[in-house]
$ cat protein_25.txt   # compact mmCIF, C-alpha atoms
# COMPACT_ATOMS: atom_id res chain seq x y z
CA MET A 165 11.30 -26.26 0.19
CA ASN A 166 14.27 -28.52 0.57
CA THR A 167 17.01 -26.67 -1.32
CA ASN A 168 19.35 -29.65 -1.24
CA ALA A 169 17.10 -31.39 -3.71
CA LEU A 170 17.83 -30.76 -7.36
CA VAL A 171 14.25 -31.08 -8.52
CA GLU A 172 11.22 -30.46 -6.37
CA CYS A 173 7.68 -30.77 -7.75
CA ARG A 174 4.59 -30.17 -5.63
CA GLY A 175 1.07 -30.89 -6.79
CA LEU A 176 2.14 -30.48 -10.38
CA GLY A 177 -0.62 -30.81 -12.97
CA LYS A 178 -1.11 -30.08 -16.65
CA SER A 179 -4.12 -30.37 -18.89
CA PHE A 180 -4.47 -29.60 -22.57
CA ASN A 181 -7.99 -28.38 -23.40
CA GLY A 182 -9.42 -30.38 -20.55
CA ARG A 183 -7.45 -33.53 -21.34
CA ILE A 184 -5.33 -34.33 -18.31
CA ALA A 185 -1.65 -35.05 -19.07
CA LEU A 186 -0.22 -34.81 -15.55
CA GLN A 187 -1.95 -34.72 -12.22
CA ASN A 188 -0.86 -34.04 -8.68
CA VAL A 189 2.79 -34.97 -9.21
CA ASP A 190 4.91 -34.72 -6.06
CA LEU A 191 8.48 -35.59 -6.94
CA THR A 192 11.86 -34.92 -5.34
CA LEU A 193 15.04 -35.82 -7.21
CA GLY A 194 18.49 -35.73 -5.63
CA ARG A 195 21.89 -34.89 -7.11
CA GLY A 196 24.45 -37.19 -8.68
CA LYS A 197 21.97 -39.82 -9.87
CA VAL A 198 20.88 -41.51 -13.04
CA ILE A 199 17.09 -41.75 -12.97
CA GLY A 200 14.76 -43.49 -15.40
CA LEU A 201 11.44 -41.84 -16.17
CA LEU A 202 9.39 -44.79 -17.27
CA GLY A 203 5.86 -45.20 -18.47
CA PRO A 204 3.87 -46.31 -21.50
CA ASN A 205 3.15 -43.96 -24.40
CA GLY A 206 0.97 -41.06 -23.34
CA SER A 207 1.70 -41.40 -19.62
CA GLY A 208 3.05 -37.85 -19.34
CA LYS A 209 6.83 -38.33 -19.61
CA THR A 210 7.44 -35.67 -22.23
CA THR A 211 4.99 -33.26 -20.55
CA LEU A 212 6.87 -33.54 -17.25
CA ILE A 213 10.23 -33.00 -18.95
CA LYS A 214 8.90 -29.97 -20.82
CA ILE A 215 7.56 -28.44 -17.62
CA LEU A 216 10.91 -28.99 -15.88
CA ASN A 217 12.79 -27.10 -18.54
CA GLY A 218 10.23 -24.34 -18.87
CA LEU A 219 8.81 -25.19 -22.30
CA LEU A 220 5.35 -25.75 -20.82
CA GLN A 221 3.59 -23.95 -17.98
CA PRO A 222 1.96 -26.20 -15.39
CA THR A 223 -1.81 -25.82 -14.93
CA THR A 224 -1.52 -26.45 -11.20
CA GLY A 225 1.26 -26.80 -8.65
CA THR A 226 4.89 -25.72 -8.67
CA CYS A 227 8.31 -27.04 -9.55
CA ALA A 228 11.79 -25.81 -8.73
CA ILE A 229 15.20 -26.78 -10.05
CA SER A 230 18.02 -26.09 -7.59
CA GLY A 231 15.52 -23.89 -5.74
CA ALA A 232 14.56 -21.75 -8.76
CA MET A 233 11.38 -21.69 -10.85
CA PRO A 234 11.90 -22.71 -14.49
CA GLY A 235 13.24 -19.68 -16.38
CA THR A 236 16.41 -18.13 -17.71
CA TYR A 237 18.55 -19.31 -14.80
CA THR A 238 17.33 -22.90 -14.87
CA LYS A 239 17.98 -23.08 -18.63
CA SER A 240 21.63 -22.35 -17.87
CA ILE A 241 21.87 -25.41 -15.60
CA ILE A 242 19.65 -27.83 -17.53
CA SER A 243 20.90 -29.69 -20.60
CA TYR A 244 17.94 -30.91 -22.62
CA LEU A 245 17.74 -33.54 -25.34
CA PRO A 246 14.35 -33.18 -27.04
CA ASP A 247 12.54 -36.14 -28.55
CA LYS A 248 12.84 -34.53 -31.99
CA SER A 249 15.77 -33.07 -33.86
CA TYR A 250 15.64 -29.29 -34.17
CA PHE A 251 18.75 -28.68 -36.27
CA ALA A 252 18.32 -26.80 -39.54
CA ASP A 253 19.34 -28.73 -42.64
CA TRP A 254 21.71 -26.08 -43.92
CA MET A 255 23.84 -26.17 -40.76
CA LYS A 256 27.29 -27.66 -40.54
CA VAL A 257 28.70 -29.33 -37.42
CA ASN A 258 30.73 -26.17 -36.82
CA ASP A 259 27.54 -24.05 -36.79
CA LEU A 260 26.07 -26.29 -34.11
CA LEU A 261 29.22 -26.04 -32.01
CA ASP A 262 29.16 -22.24 -32.37
CA MET A 263 25.50 -22.17 -31.40
CA PHE A 264 26.03 -24.22 -28.24
CA GLU A 265 29.11 -22.22 -27.33
CA GLY A 266 27.15 -19.00 -27.71
CA PHE A 267 24.14 -20.20 -25.73
CA TYR A 268 25.72 -22.09 -22.86
CA MET A 269 28.56 -21.02 -20.58
CA ASP A 270 29.05 -24.61 -19.43
CA PHE A 271 29.59 -26.03 -22.94
CA ASP A 272 32.91 -27.84 -23.36
CA ARG A 273 33.64 -27.40 -27.06
CA ALA A 274 36.90 -29.32 -27.05
CA LYS A 275 35.12 -32.33 -25.57
CA ALA A 276 32.36 -32.20 -28.19
CA GLU A 277 34.95 -31.93 -30.98
CA THR A 278 36.88 -34.91 -29.64
CA MET A 279 33.72 -36.99 -29.46
CA CYS A 280 32.76 -36.03 -33.02
CA GLY A 281 36.27 -36.97 -34.07
CA TYR A 282 35.88 -40.49 -32.65
CA LEU A 283 32.82 -40.93 -34.83
CA GLY A 284 34.62 -39.66 -37.90
CA ILE A 285 32.38 -36.59 -38.06
CA HIS A 286 34.13 -33.59 -39.60
CA PRO A 287 33.39 -30.00 -38.46
CA THR A 288 32.47 -29.04 -42.02
CA ASP A 289 30.02 -31.93 -42.51
CA ARG A 290 26.47 -30.84 -43.31
CA ILE A 291 23.49 -31.94 -41.24
CA LYS A 292 21.51 -32.49 -44.46
CA GLU A 293 23.95 -35.15 -45.62
CA MET A 294 23.90 -37.17 -42.40
CA SER A 295 21.96 -40.31 -41.56
CA LYS A 296 19.26 -40.10 -38.90
CA GLY A 297 21.46 -42.11 -36.52
CA THR A 298 24.42 -39.75 -36.93
CA ARG A 299 22.18 -36.71 -36.34
CA GLU A 300 20.93 -38.22 -33.12
CA LYS A 301 24.47 -38.98 -32.00
CA ILE A 302 25.59 -35.41 -32.65
CA GLN A 303 22.65 -34.03 -30.76
CA LEU A 304 23.53 -36.24 -27.80
CA ILE A 305 27.21 -35.28 -27.97
CA LEU A 306 26.24 -31.60 -27.77
CA VAL A 307 23.91 -32.16 -24.83
CA MET A 308 26.39 -34.32 -22.91
CA SER A 309 29.27 -31.89 -23.52
CA ARG A 310 27.71 -29.39 -21.15
CA ASN A 311 28.63 -29.44 -17.47
CA ALA A 312 25.01 -29.17 -16.44
CA GLU A 313 23.34 -29.84 -13.09
CA LEU A 314 20.39 -31.58 -14.67
CA TYR A 315 20.31 -33.53 -17.93
CA LEU A 316 16.83 -34.14 -19.30
CA LEU A 317 17.00 -36.78 -22.01
CA ASP A 318 13.72 -37.46 -23.75
CA GLU A 319 13.79 -40.88 -25.42
CA PRO A 320 17.51 -40.88 -26.30
CA ILE A 321 17.52 -44.48 -27.51
CA ALA A 322 14.23 -44.75 -29.37
CA GLY A 323 14.50 -45.52 -33.04
CA VAL A 324 18.22 -46.34 -33.24
CA ASP A 325 19.83 -49.72 -33.91
CA PRO A 326 21.29 -51.76 -31.01
CA ALA A 327 24.90 -50.81 -31.79
CA ALA A 328 24.02 -47.12 -31.80
CA ARG A 329 22.08 -47.68 -28.58
CA ASP A 330 25.24 -49.02 -26.92
CA TYR A 331 27.17 -46.02 -28.15
CA ILE A 332 24.54 -43.64 -26.79
CA LEU A 333 24.36 -45.29 -23.38
CA ASN A 334 28.15 -45.31 -23.07
CA THR A 335 28.26 -41.66 -24.04
CA ILE A 336 25.68 -40.86 -21.38
CA ILE A 337 27.29 -42.72 -18.49
CA ASN A 338 30.82 -41.62 -19.30
CA ASN A 339 30.28 -37.97 -19.90
CA TYR A 340 27.90 -36.49 -17.42
CA ASN A 341 29.03 -34.08 -14.77
CA GLU A 342 29.31 -36.29 -11.66
CA GLU A 343 27.48 -33.91 -9.38
CA GLY A 344 24.71 -33.65 -11.94
CA THR A 345 21.63 -35.80 -12.29
CA ILE A 346 20.36 -37.43 -15.46
CA LEU A 347 16.67 -38.01 -16.03
CA ILE A 348 16.11 -40.37 -18.98
CA SER A 349 12.66 -41.05 -20.32
CA THR A 350 12.16 -44.28 -22.21
CA HIS A 351 10.03 -47.34 -22.61
CA LEU A 352 13.01 -49.49 -23.61
CA ILE A 353 13.82 -50.51 -20.07
CA THR A 354 15.98 -53.60 -20.53
CA ASP A 355 18.58 -51.57 -22.37
CA ILE A 356 19.04 -48.95 -19.68
CA GLU A 357 18.23 -50.86 -16.52
CA LYS A 358 21.85 -51.44 -15.49
CA ILE A 359 22.78 -47.77 -15.62
CA LEU A 360 19.92 -46.50 -13.45
CA ASP A 361 20.06 -45.60 -9.76
CA GLU A 362 16.36 -44.87 -9.43
CA VAL A 363 13.17 -45.22 -11.40
CA VAL A 364 10.03 -43.12 -11.57
CA PHE A 365 6.96 -44.85 -13.02
CA LEU A 366 4.29 -42.66 -14.57
CA ARG A 367 0.79 -43.89 -15.32
CA GLU A 368 -1.91 -41.70 -16.77
CA GLY A 369 -0.12 -38.60 -15.57
CA ARG A 370 0.52 -39.78 -12.01
CA VAL A 371 3.69 -40.97 -10.31
CA ILE A 372 2.89 -44.49 -9.17
CA ARG A 373 6.40 -45.48 -8.09
CA HIS A 374 9.68 -43.76 -7.24
CA GLU A 375 12.32 -46.07 -5.82
CA ALA A 376 15.97 -47.10 -5.94
CA VAL A 377 16.56 -49.85 -8.51
CA ASP A 378 18.54 -52.01 -6.10
CA ASP A 379 15.76 -51.77 -3.48
CA ILE A 380 13.25 -53.03 -6.03
CA ARG A 381 15.48 -55.91 -7.11
CA MET A 382 16.17 -56.80 -3.49
CA ARG A 383 12.52 -56.81 -2.43
CA GLU A 384 10.82 -58.12 -5.54
CA GLY A 385 13.59 -60.41 -6.79
CA LYS A 386 12.94 -59.28 -10.32
CA SER A 387 14.16 -56.82 -12.89
CA ILE A 388 12.64 -53.38 -13.44
CA ASP A 389 11.54 -54.56 -16.86
CA GLU A 390 9.48 -57.39 -15.35
CA LEU A 391 8.03 -55.09 -12.72
CA PHE A 392 7.12 -52.59 -15.41
CA LYS A 393 5.26 -55.26 -17.35
CA GLU A 394 3.31 -56.16 -14.22
CA ASP A 395 2.50 -52.59 -13.25
CA PHE A 396 1.37 -51.76 -16.76
CA ARG A 397 -0.20 -55.02 -17.82
CA MET A 398 -2.89 -54.38 -20.39
CA VAL A 399 -5.98 -56.54 -20.29
CA PRO A 400 -6.95 -57.56 -23.79
CA ILE A 401 -10.54 -56.81 -24.68
CA TYR A 402 -12.28 -59.45 -26.74
CA GLU A 403 -15.11 -59.09 -29.24
CA GLY A 404 -17.82 -56.81 -28.06
CA GLY A 405 -15.63 -55.70 -25.18
CA GLU A 406 -16.60 -58.73 -23.11
CA MET A 407 -13.99 -60.58 -21.12
CA ARG A 408 -13.85 -64.29 -21.60
CA MET B 232 36.18 -58.70 -18.85
CA GLU B 233 32.95 -60.66 -19.07
CA TRP B 234 30.38 -59.38 -16.60
CA LYS B 235 27.43 -61.58 -15.74
CA ILE B 236 24.58 -59.73 -14.13
CA ASP B 237 21.48 -61.56 -13.04
CA ASP B 238 18.23 -59.60 -13.29
CA SER B 239 16.69 -60.85 -10.12
CA ARG B 240 19.25 -59.46 -7.66
CA PRO B 241 20.63 -56.01 -6.87
CA ILE B 242 23.55 -55.17 -9.14
CA TRP B 243 26.24 -53.98 -6.73
CA PRO B 244 26.61 -57.25 -4.74
CA GLN B 245 26.97 -59.16 -8.00
CA ILE B 246 29.72 -56.83 -9.15
CA LYS B 247 31.43 -57.08 -5.80
CA GLU B 248 31.36 -60.90 -5.95
CA GLN B 249 32.84 -60.93 -9.44
CA LEU B 250 35.63 -58.59 -8.42
CA MET B 251 36.30 -60.69 -5.32
CA ARG B 252 36.62 -63.81 -7.43
CA ASP B 253 38.97 -62.01 -9.80
CA ILE B 254 41.13 -60.86 -6.89
CA VAL B 255 41.47 -64.31 -5.33
CA ALA B 256 42.07 -65.80 -8.77
CA GLY B 257 45.01 -63.42 -9.17
CA LYS B 258 43.59 -61.53 -12.15
CA TYR B 259 44.38 -58.47 -10.08
CA PRO B 260 47.66 -59.55 -8.41
CA MET B 261 48.43 -58.65 -4.79
CA GLY B 262 49.67 -55.10 -4.41
CA SER B 263 48.92 -54.20 -8.03
CA PRO B 264 46.98 -51.07 -8.94
CA PHE B 265 43.21 -51.53 -9.13
CA PRO B 266 41.26 -50.00 -12.03
CA THR B 267 39.31 -46.79 -11.42
CA VAL B 268 35.58 -46.66 -10.74
CA ARG B 269 35.15 -44.92 -14.06
CA ASP B 270 36.96 -47.57 -16.09
CA LEU B 271 35.25 -50.45 -14.31
CA ALA B 272 31.82 -48.83 -14.68
CA GLU B 273 32.41 -48.32 -18.37
CA ASP B 274 33.54 -51.91 -18.81
CA ALA B 275 30.57 -53.37 -16.91
CA LYS B 276 28.16 -50.84 -18.45
CA VAL B 277 26.75 -49.91 -15.07
CA ASN B 278 26.57 -46.50 -13.52
CA ARG B 279 29.41 -45.16 -11.41
CA ASN B 280 27.42 -45.05 -8.18
CA THR B 281 26.81 -48.78 -8.48
CA MET B 282 30.49 -49.50 -9.11
CA GLN B 283 31.49 -47.12 -6.31
CA ARG B 284 29.31 -49.03 -3.89
CA ALA B 285 30.82 -52.38 -4.89
CA LEU B 286 34.34 -50.98 -4.45
CA SER B 287 33.50 -49.45 -1.06
CA GLU B 288 32.44 -52.90 0.11
CA LEU B 289 35.71 -54.40 -1.12
CA GLU B 290 37.53 -51.65 0.77
CA ASN B 291 35.54 -52.36 3.93
CA GLU B 292 36.60 -55.98 3.71
CA GLY B 293 40.19 -54.91 3.18
CA LEU B 294 40.63 -56.59 -0.20
CA VAL B 295 41.24 -53.27 -1.88
CA ILE B 296 43.19 -50.44 -0.28
CA THR B 297 42.76 -46.78 -1.09
CA ASN B 298 45.95 -44.75 -0.97
CA ARG B 299 45.68 -41.01 -0.91
CA THR B 300 48.38 -40.55 -3.51
CA SER B 301 48.36 -43.54 -5.79
CA GLY B 302 44.73 -44.59 -6.10
CA ARG B 303 43.50 -48.06 -5.23
CA THR B 304 45.62 -51.18 -4.98
CA VAL B 305 44.92 -54.82 -4.24
CA THR B 306 45.74 -55.86 -0.67
CA MET B 307 49.15 -57.37 0.16
CA ASP B 308 47.58 -59.47 2.91
CA GLU B 309 48.05 -63.03 1.68
CA ASN B 310 46.12 -64.45 4.59
CA LEU B 311 43.05 -62.33 3.81
CA ILE B 312 43.09 -63.53 0.21
CA LYS B 313 43.30 -67.13 1.40
CA LEU B 314 40.42 -66.61 3.81
CA THR B 315 38.30 -64.98 1.11
CA ARG B 316 39.10 -67.78 -1.28
CA GLY B 317 38.00 -70.31 1.30
CA LYS B 318 34.80 -68.39 1.98
CA ILE B 319 33.85 -68.25 -1.69
CA ALA B 320 34.60 -71.96 -2.09
CA LYS B 321 32.42 -72.79 0.87
CA GLU B 322 29.47 -70.81 -0.49
CA LYS B 323 29.81 -72.53 -3.86
CA ILE B 324 29.93 -75.95 -2.22
CA VAL B 325 26.91 -75.31 -0.03
CA SER B 326 24.78 -74.30 -2.99
CA PHE B 327 26.08 -77.16 -5.13
CA ARG B 328 25.41 -79.67 -2.40
CA GLN B 329 21.90 -78.31 -1.94
CA GLU B 330 21.17 -78.67 -5.64
CA MET B 331 22.48 -82.23 -5.74
CA GLU B 332 20.55 -83.25 -2.63
CA ASP B 333 17.40 -81.75 -4.14
CA MET B 334 17.90 -84.21 -6.98
CA GLY B 335 18.18 -87.04 -4.46
CA PHE B 336 21.91 -87.67 -4.43
CA THR B 337 23.48 -88.75 -1.14
CA MET B 338 26.71 -87.24 0.11
CA GLU B 339 28.56 -90.48 -0.75
CA GLU B 340 27.21 -90.44 -4.28
CA ILE B 341 28.16 -86.83 -4.75
CA ILE B 342 31.71 -87.49 -3.60
CA SER B 343 32.20 -90.50 -5.80
CA LEU B 344 30.70 -88.63 -8.76
CA MET B 345 33.17 -85.84 -8.21
CA ARG B 346 36.03 -88.29 -8.04
CA GLY B 347 34.76 -89.74 -11.28
CA SER B 348 35.10 -93.24 -9.78
CA ASP B 349 31.50 -94.36 -9.38
CA SER B 350 30.12 -95.68 -12.61
CA ASP B 351 27.01 -97.08 -10.87
CA VAL B 352 25.59 -93.61 -10.17
CA GLU B 353 26.14 -92.49 -13.72
CA LYS B 354 24.59 -95.62 -15.17
CA GLY B 355 21.67 -95.20 -12.85
CA GLU B 356 21.98 -98.70 -11.40
$ encode --input "protein_25.txt" --output "C-alpha cells"
Amino acid sequence: MNTNALVECRGLGKSFNGRIALQNVDLTLGRGKVIGLLGPNGSGKTTLIKILNGLLQPTTGTCAISGAMPGTYTKSIISYLPDKSYFADWMKVNDLLDMFEGFYMDFDRAKAETMCGYLGIHPTDRIKEMSKGTREKIQLILVMSRNAELYLLDEPIAGVDPAARDYILNTIINNYNEEGTILISTHLITDIEKILDEVVFLREGRVIRHEAVDDIRMREGKSIDELFKEDFRMVPIYEGGEMR
Amino acid sequence: MEWKIDDSRPIWPQIKEQLMRDIVAGKYPMGSPFPTVRDLAEDAKVNRNTMQRALSELENEGLVITNRTSGRTVTMDENLIKLTRGKIAKEKIVSFRQEMEDMGFTMEEIISLMRGSDSDVEKGE
C-alpha cells in the first residue's frame, strides 16, 4: 500500500442483513486537503465515515488510515463529528472540555475555550439549556480544536440556519491542522463548494467520481452543484409507473 | 473586500485576477505588505490551497514578492504594474468589443457611443 496516502480503501463493502450499503469502494485520499463526500440520502456516506473511524466493520475489503487499520491508534489521529449529538444533558461545557482533554492528546483546550468565548458560551453553561444550534457549534468547536490528521465531519451544516452555516464553515476552514485532511459529507453542495479541493460522489454505495474541483470546473464549465444535479437526476414516475 | 466568484470557472484564476486588479488599482500599494494566505482565504471564504495557488501565480508573474523574513510584499517594479494594467485593459476591451460586434455595432459606432457624441446610434436612426 501507498503509505504516503492518508486514507486507502480497497474493495471496501458493507451490507446490513443483505442490504448493500457500500460496494467495492477503492478510494485514496491525500493529505492537506478539504474533500467533499457527496451523494443523495442513503448513498453510503455515513457508512463509509463510520468504517473509516472504526465504528463499523466492513463486510469485504480493507481500509487503512496513515497505513494502520482502524483501531485505537487511528482513533488518536481522527477527529470525528457524528451526525447526531452524543452529549449528555447534565453536562456543562467544562465537562466536555475535560472529556476531550482526557481522551485526546492532540486536543487544544485553550483554543476551544477561546472559540467558546467568542460565542459567549460560558464554561459553566449546561448543555440542557442550550439551543440546538449552539450545541452543534460546541460539538464542532471540540472536534476542530484537535490537531488531527483526518477530520471526518458527517453533515456538519445540515439543519442549521444560514448564518450558523457561515460560522461553521469559517470555523472549519480556519482551524484545521494544515497537514491534515478534512472529509465533509453533505448534500448541501452550494454552501461548501468554494472550500473544497476535491469531491467524491457516492451513488448506491459506489464511488462514481473522485476529482479535483477545479478540474471539473475547467472541463465541464459548471459548478459542482450543477454536475451533482446531472449525475443524480431523478426521473419522475407518473401514474402507474409509466413514463409519458 | 467583495469577492465575485463565477461558478462556471475554476476558482483560483478568478481570485488571481481579482488580486491583480486590486494591485494595479493601488488597493495594495507598491512595496506594501501583502495579506497572508490565511487572512485572504478567510475573507474570500475559499480554502487555503486555492488561495495559495492564486498567490503562487502572482509570485511567478513577479507582482508579489516573498521575502524570507518579512512575508509577502507588493512589487516595487512600476513598469511591471503598468504592463499588467495594460494587459488587463486589453483583455477587457477585446471582450467588450466582441460583445458589441455580436450585437451588430461597427467599430465607428462603438467609438462614438463611448465618446457619448453620437445621438443617432442611441436613437436607433
$ interface_residues --input "protein_25.txt" --of "chain A" --to "chain B" --cutoff "6 Å" --atoms "only C-alpha atoms" --output "NGL selection string"
:A and (358-359 or 378 or 381-382 or 385-387)
$ write_last_selection --input "protein_25.txt" --atoms "C-alpha atoms" --output "PDB file, in the coordinates of the input"
ATOM      1  CA  LYS A 358      21.850 -51.440 -15.490  1.00  0.00           C
ATOM      2  CA  ILE A 359      22.780 -47.770 -15.620  1.00  0.00           C
ATOM      3  CA  ASP A 378      18.540 -52.010  -6.100  1.00  0.00           C
ATOM      4  CA  ARG A 381      15.480 -55.910  -7.110  1.00  0.00           C
ATOM      5  CA  MET A 382      16.170 -56.800  -3.490  1.00  0.00           C
ATOM      6  CA  GLY A 385      13.590 -60.410  -6.790  1.00  0.00           C
ATOM      7  CA  LYS A 386      12.940 -59.280 -10.320  1.00  0.00           C
ATOM      8  CA  SER A 387      14.160 -56.820 -12.890  1.00  0.00           C
TER       9      SER A 387
END
$ closest_residue --input "protein_25.txt" --among "A:Pro234, A:Gly177, A:Pro287, A:Pro246" --to "Gly208 (chain A)" --atoms "only C-alpha atoms"
A:Gly177
$ atom_distance --input "protein_25.txt" --atom1 "CA of Gln283 (chain B)" --atom2 "CA of Ala256 (chain B)"
21.6 Å
$ closest_residue --input "protein_25.txt" --among "A:Glu390, A:Glu313, A:Asp395, A:Asp289" --to "Tyr244 (chain A)" --atoms "only C-alpha atoms"
A:Glu313
$ atom_distance --input "protein_25.txt" --atom1 "CA of Glu248 (chain B)" --atom2 "CA of Leu286 (chain B)"
10.5 Å
$ residues_around --input "protein_25.txt" --residues "Gly317 (chain B)" --least-positions-apart "6" --cutoff "10 Å" --atoms "only C-alpha atoms" --output "compact mmCIF listing (two decimals) with C-alpha atoms, in the frame of the given file"
# COMPACT_ATOMS: atom_id res chain seq x y z
CA VAL B 255 41.47 -64.31 -5.33
CA LEU B 311 43.05 -62.33 3.81
CA LYS B 323 29.81 -72.53 -3.86
$ closest_residue --input "protein_25.txt" --among "A:Phe271, A:Arg373, A:Asp253, A:Phe180" --to "Ser295 (chain A)" --atoms "only C-alpha atoms"
A:Asp253
$ build_atoms --input "protein_25.txt" --residues "region 354-365 of chain A" --atoms "N, CA, C and O atoms" --output "PDB file, keeping the file's coordinate frame"
ATOM      1  N   THR A 354      14.905 -52.612 -20.632  1.00  0.00           N
ATOM      2  CA  THR A 354      15.980 -53.600 -20.530  1.00  0.00           C
ATOM      3  C   THR A 354      17.335 -52.992 -20.883  1.00  0.00           C
ATOM      4  O   THR A 354      18.340 -53.288 -20.248  1.00  0.00           O
ATOM      5  N   ASP A 355      17.323 -52.143 -21.902  1.00  0.00           N
ATOM      6  CA  ASP A 355      18.580 -51.570 -22.370  1.00  0.00           C
ATOM      7  C   ASP A 355      19.225 -50.624 -21.380  1.00  0.00           C
ATOM      8  O   ASP A 355      20.433 -50.445 -21.389  1.00  0.00           O
ATOM      9  N   ILE A 356      18.430 -49.965 -20.537  1.00  0.00           N
ATOM     10  CA  ILE A 356      19.040 -48.950 -19.680  1.00  0.00           C
ATOM     11  C   ILE A 356      19.038 -49.332 -18.201  1.00  0.00           C
ATOM     12  O   ILE A 356      19.617 -48.650 -17.377  1.00  0.00           O
ATOM     13  N   GLU A 357      18.410 -50.465 -17.912  1.00  0.00           N
ATOM     14  CA  GLU A 357      18.230 -50.860 -16.520  1.00  0.00           C
ATOM     15  C   GLU A 357      19.519 -50.833 -15.683  1.00  0.00           C
ATOM     16  O   GLU A 357      19.530 -50.344 -14.559  1.00  0.00           O
ATOM     17  N   LYS A 358      20.602 -51.333 -16.267  1.00  0.00           N
ATOM     18  CA  LYS A 358      21.850 -51.440 -15.490  1.00  0.00           C
ATOM     19  C   LYS A 358      22.486 -50.094 -15.162  1.00  0.00           C
ATOM     20  O   LYS A 358      23.323 -50.010 -14.274  1.00  0.00           O
ATOM     21  N   ILE A 359      22.130 -49.052 -15.895  1.00  0.00           N
ATOM     22  CA  ILE A 359      22.780 -47.770 -15.620  1.00  0.00           C
ATOM     23  C   ILE A 359      21.957 -46.876 -14.695  1.00  0.00           C
ATOM     24  O   ILE A 359      22.368 -45.787 -14.348  1.00  0.00           O
ATOM     25  N   LEU A 360      20.786 -47.360 -14.269  1.00  0.00           N
ATOM     26  CA  LEU A 360      19.920 -46.500 -13.450  1.00  0.00           C
ATOM     27  C   LEU A 360      20.150 -46.670 -11.954  1.00  0.00           C
ATOM     28  O   LEU A 360      20.378 -47.766 -11.474  1.00  0.00           O
ATOM     29  N   ASP A 361      20.076 -45.545 -11.211  1.00  0.00           N
ATOM     30  CA  ASP A 361      20.060 -45.600  -9.760  1.00  0.00           C
ATOM     31  C   ASP A 361      18.622 -45.719  -9.257  1.00  0.00           C
ATOM     32  O   ASP A 361      18.336 -46.415  -8.300  1.00  0.00           O
ATOM     33  N   GLU A 362      17.755 -44.937  -9.877  1.00  0.00           N
ATOM     34  CA  GLU A 362      16.360 -44.870  -9.430  1.00  0.00           C
ATOM     35  C   GLU A 362      15.434 -44.924 -10.621  1.00  0.00           C
ATOM     36  O   GLU A 362      15.828 -44.606 -11.735  1.00  0.00           O
ATOM     37  N   VAL A 363      14.185 -45.299 -10.348  1.00  0.00           N
ATOM     38  CA  VAL A 363      13.170 -45.220 -11.400  1.00  0.00           C
ATOM     39  C   VAL A 363      11.943 -44.468 -10.896  1.00  0.00           C
ATOM     40  O   VAL A 363      11.606 -44.522  -9.709  1.00  0.00           O
ATOM     41  N   VAL A 364      11.320 -43.761 -11.827  1.00  0.00           N
ATOM     42  CA  VAL A 364      10.030 -43.120 -11.570  1.00  0.00           C
ATOM     43  C   VAL A 364       9.065 -43.702 -12.587  1.00  0.00           C
ATOM     44  O   VAL A 364       9.350 -43.670 -13.787  1.00  0.00           O
ATOM     45  N   PHE A 365       7.972 -44.308 -12.101  1.00  0.00           N
ATOM     46  CA  PHE A 365       6.960 -44.850 -13.020  1.00  0.00           C
ATOM     47  C   PHE A 365       5.815 -43.854 -13.127  1.00  0.00           C
ATOM     48  O   PHE A 365       5.289 -43.407 -12.112  1.00  0.00           O
TER      49      PHE A 365
END
